[in-house]
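A.B. asks: Okay, here's the structure, questions in a sec.
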Amino acid sequence: VGCSLVLRAFEVARTSEAQALAAGLRGWVGEAARSSSACRVLEQIVHSLGTADAAFIAEELLGQRLSALVLNANGCSILRRLIEYSPEDARTQALVDAVLSADVAVLCGHKFGHEVAMSILSNGSSGQRGMILSALQSDVQRFARHRFASQVFEHALAFCSDEERNILALEVVARPSTVVALACHNFGVNIVRVLLELPKVSKQVQMLLVKSSGRISRDRFGSELMRELGLGKQQPKQILDLSRELGLAERAEYEAEVASMAIAGA
């Protein structure tokens, strides 16, 4: 009840009154961030007041054990609000940098942490996004098939810059067996669906699917994907058509990109 009254007070308060209410939480942010009720008040402050008035939240969170806070349902929620509403503020950036200084792979694969990773991909700096992308590239098969990390992977392919998306996509298709394995996995198949929307690799992915249509069509998730695409079992004509669409010059460029990535990652 108390939390609801405070939230209602923020809704009807004038700016000066809301600032006074927010000031009452100074020194208590760490404790509030772990409470499901008080955390909602912190989120309301971030939502209602400007970056300057809400900056004390990021400042106080920096003094907390972030490795635990980011994996907490309530702590994760307030971190996401800060990243979404004030991503360019120096204090929020410092907070994100501190979060990323821990194990990024754990962040991406955690029930709550993966939501923070997705917020960083949407609103963080190029350097911050790069740290998450590097983690995903380090073990494509593992992350693309993980219950939570696959959502981060899918988000990166859908919302990062064209260059970032293409680098990650090329990492996936560098090994044809990876695409086939993902197509036959309950989480990985969603990654394949996103790859099919990317002009850089769409034709290559289609070709790999058609060439392995026999195996994929016998899988529960793969067969559904093949039906969506209208691709049948072992259709040489479709393979030939896709090869012609790809073209010799485009194929050579694609193979060169994959090779250069393999050398860079060695």
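Letters for chains follow the order of the structure tokens (A, B, ...), residue numbers begin at 1 for each chain, and ligand numbers begin at 1 in the order shown.
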Which residues, written as a ChimeraX atom specification, have at least one atom at most 8 Å from range 135-139 of chain A, with only C-alpha atoms counted and residues fewer than 3 positions away on the same chain left out?
C.D. replies: /A:104-105,131-132,142-143,153,168,171
A.B. asks: Give me every helix (DSSP H, G or I) residue in range 16-260 of chain A, going by DSSP on the backbone, as a ChimeraX atom specification.
C.D. replies: /A:16-23,29-32,36-48,51-61,66-69,73-85,90-100,104-108,113-123,126-138,140-144,149-159,162-173,176-183,188-195,202-211,213-217,220-229,236-246,248-260
A.B. asks: What gap, in Å, lies between CA of Leu62 in chain A and CA of Leu79 in chain A?
C.D. replies: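 Answer for the CA of Leu62 in chain A to CA of Leu79 in chain A separation: 10.8 Å.
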A.B. asks: Taking 5 positions as the minimum chain separation for residues in the same chain, which residues sit within 9 Å of Ala73 in chain A when counting only C-alpha atoms? Answer as a short mmCIF file (atom, residue, chain, number, x, y, z; two decimals) with C-alpha atoms, in the first residue's frame.
C.D. replies:
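Listing of selection31.cif after writing:
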```cif
data_model
loop_
_atom_site.label_atom_id
_atom_site.label_comp_id
_atom_site.auth_asym_id
_atom_site.auth_seq_id
_atom_site.Cartn_x
_atom_site.Cartn_y
_atom_site.Cartn_z
CA ARG A 34 16.54 -5.20 -4.04
CA SER A 36 10.17 -5.42 -5.41
CA LYS A 111 17.41 -15.42 -16.38
CA PHE A 112 17.46 -11.71 -15.49
CA GLY A 113 20.90 -10.61 -16.64
#
```
A.B. asks: With only C-alpha atoms as the basis for distance, which of A:Ala20, A:Ile83, A:Val192, A:Ala33 is at the shortest distance from Phe221 in chain A?
C.D. replies: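 Using only C-alpha atoms, the shortest distance to Phe221 in chain A belongs to A:Val192.
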A.B. asks: What lies within 12 Å of Glu31 in chain A using only C-alpha atoms, ignoring chain neighbours under 4 positions off, as a PyMOL selection string?
C.D. replies: chain A and resi 25-27+35-39+42+57+60-61+63-65+69+74-75
A.B. asks: Can I get the selection written as a PDB file, in the first residue's frame, with N, CA, C and O atoms?
C.D. replies:
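Generated output (again_16.pdb):
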```
ATOM      1  N   LEU A  25      15.034   9.298  -0.862  1.00  0.00           N
ATOM      2  CA  LEU A  25      15.607   7.960  -1.056  1.00  0.00           C
ATOM      3  C   LEU A  25      17.131   7.971  -1.127  1.00  0.00           C
ATOM      4  O   LEU A  25      17.749   6.914  -1.254  1.00  0.00           O
ATOM      5  N   ARG A  26      17.719   9.152  -1.077  1.00  0.00           N
ATOM      6  CA  ARG A  26      19.186   9.223  -1.113  1.00  0.00           C
ATOM      7  C   ARG A  26      19.775   8.456   0.071  1.00  0.00           C
ATOM      8  O   ARG A  26      19.325   8.602   1.204  1.00  0.00           O
ATOM      9  N   GLY A  27      20.748   7.646  -0.221  1.00  0.00           N
ATOM     10  CA  GLY A  27      21.377   6.830   0.808  1.00  0.00           C
ATOM     11  C   GLY A  27      20.722   5.471   0.998  1.00  0.00           C
ATOM     12  O   GLY A  27      21.254   4.623   1.714  1.00  0.00           O
ATOM     13  N   SER A  35      14.331  -4.482  -3.394  1.00  0.00           N
ATOM     14  CA  SER A  35      12.953  -4.654  -2.943  1.00  0.00           C
ATOM     15  C   SER A  35      11.998  -4.523  -4.128  1.00  0.00           C
ATOM     16  O   SER A  35      12.085  -3.564  -4.894  1.00  0.00           O
ATOM     17  N   SER A  36      11.100  -5.468  -4.278  1.00  0.00           N
ATOM     18  CA  SER A  36      10.170  -5.417  -5.405  1.00  0.00           C
ATOM     19  C   SER A  36       9.283  -4.179  -5.359  1.00  0.00           C
ATOM     20  O   SER A  36       8.914  -3.634  -6.402  1.00  0.00           O
ATOM     21  N   SER A  37       8.946  -3.714  -4.174  1.00  0.00           N
ATOM     22  CA  SER A  37       8.093  -2.527  -4.044  1.00  0.00           C
ATOM     23  C   SER A  37       8.889  -1.240  -4.223  1.00  0.00           C
ATOM     24  O   SER A  37       8.540  -0.381  -5.040  1.00  0.00           O
ATOM     25  N   ALA A  38       9.983  -1.109  -3.463  1.00  0.00           N
ATOM     26  CA  ALA A  38      10.781   0.119  -3.524  1.00  0.00           C
ATOM     27  C   ALA A  38      11.440   0.296  -4.893  1.00  0.00           C
ATOM     28  O   ALA A  38      11.646   1.427  -5.346  1.00  0.00           O
ATOM     29  N   CYS A  39      11.743  -0.813  -5.556  1.00  0.00           N
ATOM     30  CA  CYS A  39      12.347  -0.732  -6.879  1.00  0.00           C
ATOM     31  C   CYS A  39      11.430  -0.028  -7.866  1.00  0.00           C
ATOM     32  O   CYS A  39      11.878   0.710  -8.737  1.00  0.00           O
ATOM     33  N   LEU A  42      11.962   3.607  -7.540  1.00  0.00           N
ATOM     34  CA  LEU A  42      13.184   4.041  -8.225  1.00  0.00           C
ATOM     35  C   LEU A  42      12.937   4.163  -9.726  1.00  0.00           C
ATOM     36  O   LEU A  42      13.378   5.127 -10.366  1.00  0.00           O
ATOM     37  N   ILE A  57      20.778   7.763  -8.337  1.00  0.00           N
ATOM     38  CA  ILE A  57      20.491   6.326  -8.325  1.00  0.00           C
ATOM     39  C   ILE A  57      21.674   5.554  -8.923  1.00  0.00           C
ATOM     40  O   ILE A  57      22.156   4.584  -8.337  1.00  0.00           O
ATOM     41  N   GLU A  60      24.746   5.737  -6.565  1.00  0.00           N
ATOM     42  CA  GLU A  60      24.707   4.851  -5.398  1.00  0.00           C
ATOM     43  C   GLU A  60      24.791   3.379  -5.797  1.00  0.00           C
ATOM     44  O   GLU A  60      25.360   2.561  -5.060  1.00  0.00           O
ATOM     45  N   LEU A  61      24.256   3.040  -6.956  1.00  0.00           N
ATOM     46  CA  LEU A  61      24.349   1.651  -7.406  1.00  0.00           C
ATOM     47  C   LEU A  61      25.788   1.261  -7.724  1.00  0.00           C
ATOM     48  O   LEU A  61      26.172   0.095  -7.590  1.00  0.00           O
ATOM     49  N   GLY A  63      28.224   1.818  -6.002  1.00  0.00           N
ATOM     50  CA  GLY A  63      28.856   1.385  -4.766  1.00  0.00           C
ATOM     51  C   GLY A  63      28.376   0.024  -4.289  1.00  0.00           C
ATOM     52  O   GLY A  63      28.830  -0.461  -3.248  1.00  0.00           O
ATOM     53  N   GLN A  64      27.461  -0.586  -5.062  1.00  0.00           N
ATOM     54  CA  GLN A  64      26.917  -1.895  -4.688  1.00  0.00           C
ATOM     55  C   GLN A  64      27.697  -3.026  -5.361  1.00  0.00           C
ATOM     56  O   GLN A  64      28.491  -2.798  -6.267  1.00  0.00           O
ATOM     57  N   ARG A  65      27.456  -4.242  -4.924  1.00  0.00           N
ATOM     58  CA  ARG A  65      28.059  -5.409  -5.572  1.00  0.00           C
ATOM     59  C   ARG A  65      27.216  -5.718  -6.808  1.00  0.00           C
ATOM     60  O   ARG A  65      26.229  -6.449  -6.748  1.00  0.00           O
ATOM     61  N   LEU A  69      23.644  -7.704  -8.054  1.00  0.00           N
ATOM     62  CA  LEU A  69      22.492  -6.840  -8.337  1.00  0.00           C
ATOM     63  C   LEU A  69      21.940  -7.080  -9.739  1.00  0.00           C
ATOM     64  O   LEU A  69      20.721  -7.134  -9.946  1.00  0.00           O
ATOM     65  N   ASN A  74      14.798  -7.473  -9.312  1.00  0.00           N
ATOM     66  CA  ASN A  74      14.503  -6.061  -9.096  1.00  0.00           C
ATOM     67  C   ASN A  74      15.683  -5.172  -9.498  1.00  0.00           C
ATOM     68  O   ASN A  74      15.497  -4.124 -10.122  1.00  0.00           O
ATOM     69  N   GLY A  75      16.890  -5.600  -9.138  1.00  0.00           N
ATOM     70  CA  GLY A  75      18.074  -4.836  -9.526  1.00  0.00           C
ATOM     71  C   GLY A  75      18.211  -4.748 -11.028  1.00  0.00           C
ATOM     72  O   GLY A  75      18.538  -3.696 -11.587  1.00  0.00           O
TER      73      GLY A  75
END
```
A.B. asks: Which residues come within 12 Å of Val140 in chain A, counting only C-alpha atoms, excluding same-chain residues fewer than 3 positions away, as a compact mmCIF listing (two decimals) with C-alpha atoms, in the first residue's frame?
C.D. replies:
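The result, stored in result_33.txt:
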```
# COMPACT_ATOMS: atom_id res chain seq x y z
CA ALA A 105 28.90 -14.67 -20.78
CA LEU A 133 29.03 -9.12 -29.33
CA SER A 134 32.52 -10.47 -28.65
CA ALA A 135 31.11 -12.78 -25.99
CA LEU A 136 28.46 -14.07 -28.40
CA GLN A 137 31.04 -14.63 -31.14
CA PHE A 143 24.88 -18.95 -27.05
CA ALA A 144 22.57 -19.35 -30.04
CA ARG A 145 21.04 -22.46 -28.47
CA HIS A 146 20.84 -21.22 -24.89
CA ALA A 149 21.49 -16.08 -24.37
CA SER A 150 19.73 -16.93 -27.64
CA VAL A 152 20.45 -11.71 -26.67
CA PHE A 153 21.83 -13.23 -29.87
CA GLU A 154 18.56 -12.68 -31.72
CA LEU A 168 27.89 -11.77 -36.12
CA ALA A 169 25.89 -13.36 -38.96
CA LEU A 170 29.04 -14.29 -40.88
CA GLU A 171 30.39 -15.93 -37.75
CA VAL A 172 27.31 -18.16 -37.67
CA VAL A 173 27.43 -19.18 -41.35
CA ALA A 174 31.21 -19.66 -41.39
CA ARG A 175 30.53 -23.31 -40.55
CA SER A 177 26.95 -27.37 -39.87
CA THR A 178 26.16 -24.58 -37.39
CA VAL A 179 23.20 -23.31 -39.41
CA ALA A 181 22.22 -27.56 -36.07
CA LEU A 182 20.48 -24.32 -35.13
CA GLY A 188 18.44 -21.89 -32.35
CA ILE A 191 18.32 -17.33 -34.87
```
A.B. asks: Find the residue from A:Ala94, A:Leu7, A:Leu71, A:Cys160 that sits nearest to Gly109 in chain A; use only C-alpha atoms when measuring.
C.D. replies: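 Of A:Ala94, A:Leu7, A:Leu71, A:Cys160, the one nearest Gly109 in chain A, counting only C-alpha atoms, is A:Leu71.
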A.B. asks: For Ala90 in chain A, work out the shell of residues within 10 Å, counting only C-alpha atoms and skipping chain neighbours fewer than 3 positions away, then give it as a list in words.
C.D. replies: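 Listing them by chain and then by number gives Ala55, Ala58, Glu59, Ser86, Pro87, Gln93, Ala94, Leu95 and Val96 of chain A.
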A.B. asks: So what do you get for CA of Glu17 in chain A versus CA of Glu88 in chain A, distance-wise?
C.D. replies: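 If I compute the distance from CA of Glu17 in chain A to CA of Glu88 in chain A, I get 25.9 Å.
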A.B. asks: Can you list, as an NGL selection string, every protein, DNA or RNA residue that comes within 12 Å of Asp219 in chain A when you count only C-alpha atoms, leaving out same-chain residues fewer than 4 positions away?
C.D. replies: :A and (180-186 or 189 or 212-215 or 223-227)
A.B. asks: Let me make sure I understand: among A:Thr51, A:Ser77, A:Ser125, A:Ser67, which one has the smallest atom-to-atom distance to Asp103 in chain A if we use only C-alpha atoms?
C.D. replies: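 Answer, going by the shortest atom-to-atom distance: A:Ser67.
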